[in-house]
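Shown here: protein06.txt, compact mmCIF, C-alpha atoms.
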# COMPACT_ATOMS: atom_id res chain seq x y z
CA MET A 1 45.51 100.31 188.26
CA PRO A 2 49.22 99.52 188.64
CA LYS A 3 49.97 96.55 190.85
CA THR A 4 52.41 98.32 193.10
CA LYS A 5 52.52 101.71 194.75
CA LYS A 6 55.97 102.11 193.30
CA ALA A 7 54.63 101.76 189.76
CA ALA A 8 51.85 104.22 190.49
CA ALA A 9 54.26 106.84 191.82
CA LEU A 10 56.34 107.19 188.62
CA SER A 11 55.35 107.94 185.07
CA ILE A 12 56.03 105.30 182.45
CA PRO A 13 59.09 107.16 181.05
CA ASP A 14 60.50 107.48 184.59
CA GLN A 15 59.85 103.80 185.22
CA VAL A 16 61.83 103.05 182.06
CA ARG A 17 64.68 105.28 183.28
CA MET A 18 64.65 103.42 186.61
CA ALA A 19 64.85 100.11 184.72
CA ILE A 20 68.02 101.40 183.03
CA ILE A 21 69.39 102.51 186.41
CA PHE A 22 68.72 99.00 187.78
CA SER A 23 70.37 97.34 184.80
CA VAL A 24 73.67 99.21 184.57
CA PRO A 25 73.58 99.27 187.73
CA ILE A 26 73.59 102.83 189.03
CA VAL A 27 73.69 103.20 192.79
CA ASN A 28 71.18 105.74 194.16
CA GLY A 29 70.34 106.78 190.63
CA LYS A 30 67.39 109.04 189.90
CA PRO A 31 65.32 109.33 186.70
CA GLY A 32 66.67 112.86 186.30
CA ASP A 33 70.16 111.42 185.81
CA ILE A 34 69.05 109.83 182.54
CA ALA A 35 68.60 111.92 179.40
CA ASP A 36 66.48 110.71 176.49
CA ASP A 37 69.28 111.15 173.96
CA ASP A 38 71.81 109.21 176.06
CA ASP A 39 73.45 106.50 173.98
CA LEU A 40 73.04 103.16 175.76
CA LYS A 41 76.37 101.69 174.63
CA ALA A 42 78.42 104.87 174.84
CA LYS A 43 77.10 106.23 178.11
CA TYR A 44 76.06 103.12 180.02
CA ARG A 45 78.43 100.48 178.64
CA PHE A 46 75.61 98.16 177.66
CA ASP A 47 76.91 94.72 176.81
CA ALA A 48 75.12 91.38 176.50
CA HIS A 49 74.59 91.04 180.25
CA THR A 50 73.28 94.56 180.80
CA TYR A 51 70.91 94.29 177.82
CA GLN A 52 69.64 91.04 179.30
CA ALA A 53 69.10 92.74 182.67
CA LEU A 54 67.36 95.68 180.97
CA CYS A 55 65.05 93.32 179.08
CA VAL A 56 64.10 91.57 182.33
CA ASN A 57 63.59 94.85 184.21
CA LEU A 58 61.39 96.18 181.40
CA GLN A 59 59.32 92.99 181.43
CA ASN A 60 58.92 93.42 185.19
CA LEU A 61 57.81 97.01 184.51
CA LEU A 62 55.08 95.72 182.20
CA ASP A 63 53.96 93.25 184.88
CA ASP A 64 53.85 96.03 187.50
CA ASN A 65 51.56 97.98 185.17
CA ASN A 66 49.31 95.00 184.47
CA CYS A 67 50.42 94.76 180.87
CA THR A 68 50.72 91.24 179.46
CA ASN A 69 51.91 92.23 175.98
CA GLU A 70 55.04 90.56 174.70
CA LEU A 71 58.37 92.33 174.91
CA LYS A 72 61.18 90.77 172.89
CA CYS A 73 64.73 91.13 174.14
CA SER A 74 65.83 91.61 170.52
CA ASP A 75 63.66 94.75 170.38
CA VAL A 76 65.41 96.04 173.49
CA THR A 77 68.84 95.22 172.05
CA ALA A 78 67.95 97.18 168.92
CA CYS A 79 67.40 100.37 170.96
CA LYS A 80 70.22 102.87 170.58
CA THR A 81 69.16 105.56 173.03
CA VAL A 82 67.11 105.92 176.18
CA GLY A 83 64.41 107.61 174.11
CA ASP A 84 64.18 104.54 171.88
CA VAL A 85 63.57 102.37 174.94
CA ILE A 86 60.86 104.73 176.20
CA ASP A 87 59.18 104.67 172.79
CA LEU A 88 59.38 100.87 172.72
CA ILE A 89 57.69 100.50 176.11
CA THR A 90 55.06 103.14 175.35
CA LYS A 91 54.23 101.35 172.12
CA THR A 92 54.10 97.97 173.88
CA MET A 93 51.71 99.30 176.52
CA THR A 94 49.39 101.01 174.04
CA PRO A 95 46.22 98.98 173.47
CA PRO A 96 45.64 97.99 169.83
CA MET B 1 -31.84 53.13 219.67
CA LYS B 2 -29.05 51.17 221.05
CA THR B 3 -27.72 50.56 217.54
CA ASN B 4 -27.84 54.28 216.74
CA LYS B 5 -25.85 55.02 219.83
CA ILE B 6 -23.29 52.49 218.81
CA LEU B 7 -23.13 53.96 215.32
CA ILE B 8 -22.77 57.48 216.63
CA LEU B 9 -20.18 56.37 219.11
CA THR B 10 -18.31 54.49 216.42
CA SER B 11 -18.42 57.48 214.09
CA VAL B 12 -17.13 59.77 216.78
CA LEU B 13 -14.49 57.29 217.63
CA MET B 14 -13.48 56.96 213.98
CA LEU B 15 -13.49 60.71 213.56
CA PHE B 16 -11.36 61.10 216.65
CA THR B 17 -9.05 58.41 215.40
CA VAL B 18 -8.67 60.05 212.01
CA SER B 19 -8.12 63.43 213.61
CA PHE B 20 -5.69 61.97 216.09
CA THR B 21 -3.91 60.10 213.36
CA HIS B 22 -3.74 63.24 211.23
CA ALA B 23 -2.49 65.30 214.14
CA GLN B 24 -0.05 62.59 215.02
CA LYS B 25 1.20 62.59 211.50
CA LYS B 26 1.57 66.36 211.55
CA LEU B 27 3.39 66.13 214.85
CA LEU B 28 5.57 63.37 213.55
CA LEU B 29 6.40 65.37 210.47
CA LYS B 30 7.21 68.40 212.62
CA VAL B 31 9.43 66.28 214.84
CA GLN B 32 11.17 64.93 211.79
CA ARG B 33 11.66 68.43 210.36
CA ASP B 34 13.02 69.70 213.64
CA SER B 35 15.29 66.73 213.94
CA LEU B 36 16.58 67.15 210.48
CA SER B 37 17.27 70.81 211.02
CA LYS B 38 19.41 69.99 214.02
CA ILE B 39 21.46 67.40 212.20
CA ALA B 40 24.62 69.05 210.90
CA GLN B 41 24.43 69.14 207.18
CA PRO B 42 27.61 68.23 205.41
CA ALA B 43 29.38 71.39 204.35
CA ALA B 44 29.20 72.22 200.73
CA PRO B 45 32.53 71.39 199.13
CA VAL B 46 34.83 74.40 199.07
CA VAL B 47 36.37 74.92 195.69
CA ALA B 48 39.69 76.67 196.05
CA PRO B 49 40.09 79.48 193.57
CA LEU B 50 42.44 78.61 190.78
CA ASN B 51 45.86 80.07 191.54
CA ILE B 52 47.88 79.27 188.47
CA ALA B 53 51.08 81.29 188.15
CA PRO B 54 51.23 83.27 184.92
CA ALA B 55 53.36 81.67 182.28
CA PRO B 56 56.92 83.01 182.20
CA ARG B 57 57.88 85.47 179.53
CA VAL B 58 60.18 83.69 177.11
CA THR B 59 62.22 85.64 174.60
CA LYS B 60 64.54 84.39 171.91
CA GLU B 61 67.21 86.14 169.92
CA GLN B 62 70.34 85.62 167.88
CA THR B 63 73.53 87.61 168.39
CA TRP B 64 76.98 88.05 166.88
CA THR B 65 79.96 88.57 169.20
CA VAL B 66 83.53 89.49 168.28
CA ARG B 67 86.32 88.79 170.82
CA ASN B 68 89.46 86.66 171.14
CA ALA B 69 87.99 84.07 173.52
CA PHE B 70 84.55 82.76 174.44
CA GLU B 71 85.24 80.35 177.30
CA THR B 72 84.11 82.79 179.99
CA ALA B 73 80.80 84.58 180.42
CA ASP B 74 81.84 87.46 182.65
CA GLU B 75 81.63 91.11 181.67
CA GLN B 76 85.42 91.43 181.59
CA ALA B 77 85.56 90.78 177.90
CA ASP B 78 88.57 89.50 175.98
CA PRO B 79 88.59 91.92 173.07
CA ALA B 80 90.07 90.98 169.74
CA ASN B 81 93.60 92.31 169.14
CA ALA B 82 95.45 93.50 166.09
CA SER B 83 98.83 95.11 165.50
CA PHE B 84 101.38 95.25 162.73
CA THR B 85 105.08 96.08 162.89
CA LEU B 86 107.19 97.00 159.87
CA ASN B 87 110.79 95.97 160.59
CA ASN B 88 113.27 97.72 158.34
CA GLY B 89 115.34 95.02 156.64
CA LYS B 90 113.83 92.26 158.77
CA ALA B 91 110.69 90.22 158.64
CA ASN B 92 107.56 92.15 159.52
CA THR B 93 105.72 91.03 162.57
CA TYR B 94 102.04 91.08 163.26
CA LEU B 95 99.41 90.13 165.78
CA ILE B 96 95.92 89.03 164.91
CA ASP B 97 93.78 87.52 167.63
CA VAL B 98 90.13 87.55 166.68
CA GLY B 99 87.16 85.28 167.05
CA VAL B 100 83.48 85.28 166.17
CA LEU B 101 80.60 83.66 168.03
CA TYR B 102 77.03 83.33 166.74
CA ASP B 103 74.60 82.67 169.59
CA PHE B 104 71.00 81.52 169.81
CA GLU B 105 69.66 82.75 173.15
CA TRP B 106 66.54 81.98 175.19
CA LEU B 107 65.58 83.98 178.27
CA SER B 108 62.74 83.03 180.63
CA ASN B 109 61.48 85.67 183.06
CA HIS B 110 59.31 84.08 185.74
CA HIS B 111 57.70 87.34 186.90
CA SER B 112 58.90 86.91 190.48
CA GLY B 113 62.30 88.15 189.35
CA HIS B 114 63.64 84.65 188.77
CA VAL B 115 65.42 84.46 185.43
CA VAL B 116 66.75 81.49 183.47
CA GLY B 117 68.77 81.88 180.29
CA ASN B 118 70.33 79.52 177.76
CA SER B 119 72.46 80.13 174.73
CA ILE B 120 74.12 77.91 172.17
CA GLY B 121 76.11 78.58 169.08
CA PRO B 122 79.25 77.96 167.01
CA PHE B 123 82.45 79.96 167.28
CA ALA B 124 85.85 80.21 165.62
CA VAL B 125 89.07 81.94 166.74
CA PHE B 126 92.23 82.71 164.80
CA SER B 127 95.35 83.67 166.82
CA ARG B 128 98.64 84.55 165.19
CA ASN B 129 101.35 86.49 166.99
CA THR B 130 104.82 86.65 165.39
CA THR B 131 105.99 89.49 167.65
CA ILE B 132 106.80 87.24 170.62
CA GLY B 133 109.68 84.84 171.24
CA LYS B 134 107.62 81.63 171.15
CA GLU B 135 105.16 82.41 168.41
CA GLN B 136 101.45 81.88 168.79
CA ASN B 137 99.76 80.22 165.83
CA MET B 138 96.41 78.67 166.68
CA ILE B 139 93.14 78.01 164.93
CA ARG B 140 90.27 76.71 167.02
CA GLY B 141 86.56 76.37 166.71
CA GLY B 142 83.59 74.51 168.05
CA GLY B 143 80.38 74.96 170.00
CA ASP B 144 79.57 77.20 172.94
CA TYR B 145 76.78 76.56 175.44
CA GLY B 146 75.82 78.95 178.22
CA HIS B 147 73.35 78.56 181.07
CA SER B 148 72.44 81.32 183.51
CA TRP B 149 70.02 81.59 186.39
CA GLY B 150 69.29 83.97 189.22
CA THR B 151 67.37 87.08 190.20
CA ILE B 152 66.96 90.40 188.39
CA HIS B 153 64.40 92.51 190.23
CA ASP B 154 64.10 96.07 191.56
CA GLY B 155 67.75 96.97 191.38
CA LEU B 156 69.02 93.62 192.62
CA THR B 157 71.03 91.49 190.21
CA ARG B 158 72.23 88.13 191.43
CA MET B 159 73.11 85.88 188.51
CA ASN B 160 75.06 82.66 188.06
CA TYR B 161 76.68 81.73 184.76
CA ILE B 162 78.03 78.45 183.51
CA ASN B 163 79.73 78.63 180.13
CA SER B 164 81.03 75.53 178.39
CA THR B 165 82.75 74.90 175.10
CA LEU B 166 83.70 71.87 173.04
CA GLN B 167 86.31 72.77 170.49
CA TYR B 168 88.91 71.47 168.08
CA GLN B 169 92.34 73.12 168.23
CA ARG B 170 95.07 73.17 165.62
CA ASN B 171 98.28 74.53 167.13
CA LYS B 172 100.74 75.07 164.31
CA THR B 173 103.54 76.09 166.67
CA ASP B 174 103.84 72.69 168.39
CA THR B 175 102.07 70.88 165.51
CA THR B 176 99.34 69.37 167.66
CA HIS B 177 95.70 68.63 166.99
CA SER B 178 93.58 68.65 170.16
CA LEU B 179 90.09 68.32 171.41
CA LEU B 180 89.27 70.62 174.31
CA ALA B 181 86.25 70.79 176.60
CA THR B 182 85.86 73.65 179.07
CA ALA B 183 83.26 74.53 181.69
CA TYR B 184 83.59 77.76 183.65
CA TYR B 185 81.42 79.26 186.38
CA SER B 186 81.12 82.95 187.23
CA PHE B 187 78.86 85.04 189.40
CA LYS B 188 77.43 88.57 189.22
CA PHE B 189 76.10 90.53 192.18
CA ALA B 190 74.92 94.14 192.31
CA ASP B 191 72.37 95.91 194.50
CA VAL B 192 71.69 99.56 193.70
CA THR B 193 69.56 100.05 196.80
CA ASP B 194 72.58 99.89 199.07
CA ASP B 195 75.73 101.77 198.08
CA HIS B 196 77.69 100.04 200.82
CA LYS B 197 77.32 96.60 199.29
CA PHE B 198 80.19 95.06 197.44
CA PHE B 199 79.64 94.40 193.76
CA VAL B 200 81.01 91.39 191.92
CA ASN B 201 81.45 91.47 188.15
CA ALA B 202 79.88 94.92 187.91
CA TYR B 203 81.33 98.41 188.08
CA HIS B 204 80.96 100.20 191.41
CA ALA B 205 82.27 103.62 192.46
CA LEU B 206 85.20 103.54 194.87
CA ALA B 207 83.53 106.24 196.95
CA LYS B 208 80.55 108.51 196.67
CA ASN B 209 81.00 111.03 193.80
CA SER B 210 84.27 109.36 192.80
CA SER B 211 85.22 109.13 189.11
CA PHE B 212 87.05 105.85 189.78
CA PHE B 213 85.17 102.58 189.58
CA TYR B 214 86.29 99.08 190.44
CA ASN B 215 85.23 95.79 188.92
CA LEU B 216 86.11 92.54 190.70
CA TYR B 217 85.54 89.35 188.75
CA PHE B 218 86.33 85.67 188.95
CA ASN B 219 85.88 82.46 187.02
CA THR B 220 86.43 78.87 188.08
CA GLY B 221 86.07 75.65 186.18
CA LEU B 222 87.45 72.59 184.50
CA GLU B 223 89.34 71.92 181.28
CA PHE B 224 89.88 68.60 179.52
CA GLN B 225 92.39 68.59 176.67
CA LYS B 226 93.15 65.52 174.61
CA ILE B 227 96.04 65.78 172.18
CA LEU B 228 95.03 63.65 169.23
CA GLN B 229 98.11 64.07 167.10
CA ALA B 230 101.49 65.63 167.75
CA GLY B 231 104.75 66.19 165.89
CA ALA B 232 107.41 63.53 165.62
CA GLY B 233 108.71 62.69 169.08
CA ASP B 234 106.11 64.83 170.83
CA PRO B 235 103.74 63.08 173.24
CA THR B 236 100.02 62.75 172.83
CA GLY B 237 97.98 62.58 175.97
CA LEU B 238 95.20 63.89 178.15
CA GLN B 239 95.24 66.76 180.61
CA ALA B 240 92.42 67.39 183.03
CA ARG B 241 92.91 70.80 184.58
CA LEU B 242 91.38 72.81 187.36
CA TYR B 243 90.95 76.41 186.22
CA GLY B 244 90.77 79.55 188.29
CA ASN B 245 90.82 83.17 187.19
CA THR B 246 90.37 86.40 189.08
CA GLY B 247 90.96 90.02 188.33
CA LEU B 248 90.47 93.52 189.60
CA SER B 249 90.10 96.49 187.32
CA LEU B 250 90.15 100.15 188.22
CA ALA B 251 88.48 102.40 185.64
CA LEU B 252 88.40 106.16 185.28
CA PHE B 253 85.14 107.44 183.83
CA HIS B 254 85.15 110.85 182.22
CA GLN B 255 82.60 113.47 181.38
CA GLY B 256 81.99 113.50 177.63
CA SER B 257 80.85 116.43 175.57
CA GLY B 258 77.23 117.33 176.02
CA GLN B 259 77.05 115.43 179.29
CA VAL B 260 74.27 116.79 181.47
CA SER B 261 74.22 114.32 184.33
CA ASN B 262 76.45 114.53 187.37
CA ASN B 263 75.92 110.85 188.05
CA LYS B 264 79.28 109.40 187.09
CA TYR B 265 77.81 105.97 186.40
CA THR B 266 76.53 107.43 183.15
CA TRP B 267 79.97 108.56 181.97
CA PRO B 268 81.98 106.43 179.51
CA LYS B 269 85.31 104.80 180.40
CA LEU B 270 88.53 106.66 179.64
CA PHE B 271 91.28 104.50 181.17
CA GLU B 272 91.24 101.11 182.81
CA LEU B 273 93.98 99.37 184.78
CA THR B 274 93.42 95.64 185.17
CA VAL B 275 95.36 93.01 187.07
CA ASP B 276 94.37 89.55 185.89
CA TYR B 277 95.64 86.23 187.23
CA THR B 278 94.86 82.79 185.83
CA SER B 279 95.93 79.52 187.38
CA ARG B 280 95.59 76.07 185.91
CA TYR B 281 96.51 72.84 187.66
CA ALA B 282 96.65 69.55 185.77
CA TYR B 283 95.36 67.05 188.31
CA ALA B 284 95.35 64.36 185.64
CA ASN B 285 98.26 64.59 183.25
CA THR B 286 99.43 61.87 180.91
CA GLU B 287 101.58 64.18 178.82
CA ALA B 288 105.20 63.45 179.55
CA GLY B 289 107.27 66.44 180.54
CA GLN B 290 104.32 68.79 180.87
CA ASP B 291 104.04 71.04 183.92
CA ARG B 292 101.11 70.45 186.23
CA TYR B 293 100.90 74.04 187.41
CA ILE B 294 100.30 76.60 184.63
CA PRO B 295 99.98 80.24 185.80
CA LEU B 296 99.43 83.38 183.73
CA PHE B 297 99.84 86.85 185.22
CA LYS B 298 98.59 89.66 183.01
CA PRO B 299 98.35 93.28 184.11
CA SER B 300 97.14 95.72 181.44
CA LEU B 301 96.36 99.38 180.85
CA THR B 302 93.64 100.24 178.32
CA TYR B 303 92.75 103.59 176.77
CA TYR B 304 89.27 104.18 175.32
CA PRO B 305 89.46 107.05 172.82
CA LEU B 306 85.82 106.88 171.78
CA MET B 307 82.57 107.16 173.70
CA ASP B 308 81.73 103.74 172.31
CA ASN B 309 84.03 101.50 174.38
CA ASN B 310 84.13 98.83 171.68
CA LEU B 311 87.43 100.26 170.35
CA SER B 312 90.48 100.71 172.58
CA VAL B 313 94.27 100.67 172.71
CA GLY B 314 95.77 98.22 175.19
CA LEU B 315 99.23 97.73 176.70
CA SER B 316 99.68 94.44 178.55
CA TYR B 317 102.42 92.40 180.20
CA ASN B 318 102.08 88.62 179.90
CA ASN B 319 104.00 86.27 182.18
CA GLY B 320 103.07 82.62 181.92
CA ALA B 321 101.31 80.26 179.56
CA ASP B 322 97.82 79.79 178.17
CA PRO B 323 97.30 76.32 176.67
CA VAL B 324 93.79 77.23 175.49
CA ALA B 325 95.02 80.21 173.46
CA GLY B 326 98.20 78.44 172.36
CA ILE B 327 100.66 80.67 174.25
CA ALA B 328 103.74 78.84 175.52
CA GLN B 329 105.47 79.72 178.81
CA GLN B 330 107.18 83.13 178.28
CA LYS B 331 107.19 86.81 179.20
CA PHE B 332 106.35 89.61 176.79
CA TRP B 333 104.83 93.05 176.47
CA MET B 334 102.11 93.71 173.94
CA LEU B 335 100.66 96.92 172.55
CA ALA B 336 97.62 96.41 170.35
CA ILE B 337 94.44 97.93 168.99
CA GLN B 338 91.51 96.15 170.56
CA PHE B 339 87.96 95.84 169.37
CA GLN B 340 84.88 93.93 170.33
CA LYS B 341 81.20 93.69 169.57
Show how you would write the structure in this file as structure tokens.
Amino acid sequence: MPKTKKAAALSIPDQVRMAIIFSVPIVNGKPGDIADDDDLKAKYRFDAHTYQALCVNLQNLLDDNNCTNELKCSDVTACKTVGDVIDLITKTMTPP
Amino acid sequence: MKTNKILILTSVLMLFTVSFTHAQKKLLLKVQRDSLSKIAQPAAPVVAPLNIAPAPRVTKEQTWTVRNAFETADEQADPANASFTLNNGKANTYLIDVGVLYDFEWLSNHHSGHVVGNSIGPFAVFSRNTTIGKEQNMIRGGGDYGHSWGTIHDGLTRMNYINSTLQYQRNKTDTTHSLLATAYYSFKFADVTDDHKFFVNAYHALAKNSSFFYNLYFNTGLEFQKILQAGAGDPTGLQARLYGNTGLSLALFHQGSGQVSNNKYTWPKLFELTVDYTSRYAYANTEAGQDRYIPLFKPSLTYYPLMDNNLSVGLSYNNGADPVAGIAQQKFWMLAIQFQK
């Protein structure tokens, strides 16, 4: 069971989109504002600081969903699109 | 007869005594049990449940960065510059201002939203500008160390950055060799849960549904420059400087092709107007004839032709001096292709 009601209310892909919204940051952003094929650098101006914030927000997402698996910031930095980030988190949360 | 009576009496007496003694013992035992039950027993020791905080998530990575300066850590990057001018019948002029930094980074996420980061790595910068009156010709390199701490949690970003460098400089224009140490502090604040809050070092819309975004940034710090060797007749000495930098940029974001979202935060930059002011004050100055107050005013207009904002064309006006970059006191305009990674 997710730790927080907030985590329980959104699907994992939507939680990932919210993590991107928090990292850019996007005021009053909604998951529907984020498309899977959005390029992180082109659309959201991801630089070193925003990738760092995204890595932290994704790690917090894992904690909220009671997942203790490791998430490397270098794996997040390697993501080109929003879809890549969603795939990364889904893979991280999948039990072996 | 009499003896029998005595024996019987004695037996009865003995029997009574035994019975009485047994009953007395039973009563005594009961009294003891009752007494013991009334005595407060020491409470069993309470063992507090173990409440060990989970270990922080620690991640490590290595990164390459391309810019023209690495002293600051704010998001207002100093992109590398390049331009070339063919002068008919005269010497060609060119501008190359590019540097590379290789960083080893560690990031600790303490689950509560508290974040601590460290980075360290070597860098090198080459700056050559023959298009201006007092030419810039500087090679510098050294080590860069960054430390950051703060909160990143649920849409709130509140981070502090201290970036320091120790570098060797070879200024071929004034023929000096210097050692320079810098330490700059900057701050980032953004809270997406409240659109009325003021952002620092992060883009924020001017108004709801506006395509214009502002970014306010600042840096403050210290610089220590020791001239080790100078040209004939030029002084060697030490300058300890207070450093302050602030700037405000206004960016227009535009809807690219295939854009589906109406949220303008997701649009790339098209134009950006920046007003940047740097002030240095040498509170300790043993260099004869050197000014204590060293300002640099630099407004600029940048055009981003690609969705990937790493490539741009920039027009800037420079009025002042930059001893770190090897720019002497002067005024000039500059148009250059800019790139960064």
Fill in: CA of Phe84 (chain B) to CA of Tyr168 (chain B), straight-line distance in Å
27.4 Å
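Of the residues listed (B:Gln136, B:Thr165, B:Thr157, B:Thr182), B:Thr157 shows the shortest atom-to-atom separation from chain A; distances use all atoms listed in the file.
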Worksheet item: Taking only C-alpha atoms into account, what are the residues of chain A at most 9 Å from chain B, put as a PyMOL selection string?
Response: chain A and resi 18-19+21-30+32-35+38-39+41-45+47-49+52-53+56-57+59-60+63+70-74
Residues at most 7 Å from Leu250 (chain B), counting only C-alpha atoms, excluding those fewer than 3 positions away in the same chain, as a compact mmCIF listing (two decimals) with C-alpha atoms, in the frame of the given file?
# COMPACT_ATOMS: atom_id res chain seq x y z
CA PHE B 212 87.05 105.85 189.78
CA PHE B 213 85.17 102.58 189.58
CA TYR B 214 86.29 99.08 190.44
CA ASN B 215 85.23 95.79 188.92
CA GLU B 272 91.24 101.11 182.81
CA LEU B 273 93.98 99.37 184.78
CA THR B 274 93.42 95.64 185.17
Practice prompt. Record the distance separating CA of Ala82 (chain B) and CA of Asn129 (chain B), expressed in Å with one decimal.
Written response: 9.2 Å
Worksheet item: Which polymer residues have any atom within 9 Å of an atom of Ile327 (chain B), counting only C-alpha atoms, with same-chain residues fewer than 4 positions away left out, as a PyMOL selection string?
Response: chain B and resi 134-138+320-323
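CA of Asp87 (chain A) is found 23.7 Å from CA of Pro56 (chain B).
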Final all heavy atoms of region 143-149 of chain B as a CSV table (one decimal), in the coordinates of the input:
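Output file rebuild-v9.csv is given in full below:
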chain,number,residue,atom,x,y,z
B,143,GLY,N,81.7,74.5,169.5
B,143,GLY,CA,80.4,75.0,170.0
B,143,GLY,C,80.5,75.5,171.4
B,143,GLY,O,81.3,75.1,172.2
B,144,ASP,N,79.6,76.5,171.6
B,144,ASP,CA,79.6,77.2,172.9
B,144,ASP,C,78.2,77.0,173.5
B,144,ASP,O,77.2,77.3,172.8
B,144,ASP,CB,79.9,78.7,172.7
B,144,ASP,CG,79.8,79.5,174.0
B,144,ASP,OD1,78.7,79.9,174.4
B,144,ASP,OD2,80.9,79.8,174.6
B,145,TYR,N,78.1,76.7,174.8
B,145,TYR,CA,76.8,76.6,175.4
B,145,TYR,C,76.8,77.3,176.8
B,145,TYR,O,77.7,77.1,177.6
B,145,TYR,CB,76.4,75.1,175.7
B,145,TYR,CG,75.2,75.0,176.6
B,145,TYR,CD1,73.9,75.4,176.1
B,145,TYR,CD2,75.2,74.5,177.9
B,145,TYR,CE1,72.8,75.3,176.9
B,145,TYR,CE2,74.1,74.4,178.7
B,145,TYR,CZ,72.9,74.8,178.2
B,145,TYR,OH,71.8,74.8,179.0
B,146,GLY,N,75.9,78.2,177.0
B,146,GLY,CA,75.8,79.0,178.2
B,146,GLY,C,74.5,78.8,178.9
B,146,GLY,O,73.4,78.7,178.3
B,147,HIS,N,74.6,78.7,180.2
B,147,HIS,CA,73.4,78.6,181.1
B,147,HIS,C,73.5,79.6,182.2
B,147,HIS,O,74.5,79.6,182.9
B,147,HIS,CB,73.2,77.1,181.6
B,147,HIS,CG,72.0,77.0,182.5
B,147,HIS,ND1,70.7,77.0,182.0
B,147,HIS,CD2,71.9,76.7,183.8
B,147,HIS,CE1,69.9,76.8,183.0
B,147,HIS,NE2,70.6,76.7,184.1
B,148,SER,N,72.4,80.3,182.4
B,148,SER,CA,72.4,81.3,183.5
B,148,SER,C,71.1,81.2,184.3
B,148,SER,O,70.1,80.9,183.8
B,148,SER,CB,72.6,82.7,182.9
B,148,SER,OG,71.6,83.1,182.0
B,149,TRP,N,71.2,81.6,185.6
B,149,TRP,CA,70.0,81.6,186.4
B,149,TRP,C,70.2,82.5,187.6
B,149,TRP,O,71.4,82.7,188.0
B,149,TRP,CB,69.7,80.2,186.9
B,149,TRP,CG,70.6,79.6,187.9
B,149,TRP,CD1,70.5,79.6,189.3
B,149,TRP,CD2,71.9,79.0,187.7
B,149,TRP,NE1,71.5,79.0,189.9
B,149,TRP,CE2,72.5,78.7,188.9
B,149,TRP,CE3,72.7,78.8,186.5
B,149,TRP,CZ2,73.7,78.0,189.1
B,149,TRP,CZ3,73.9,78.1,186.7
B,149,TRP,CH2,74.4,77.8,187.9
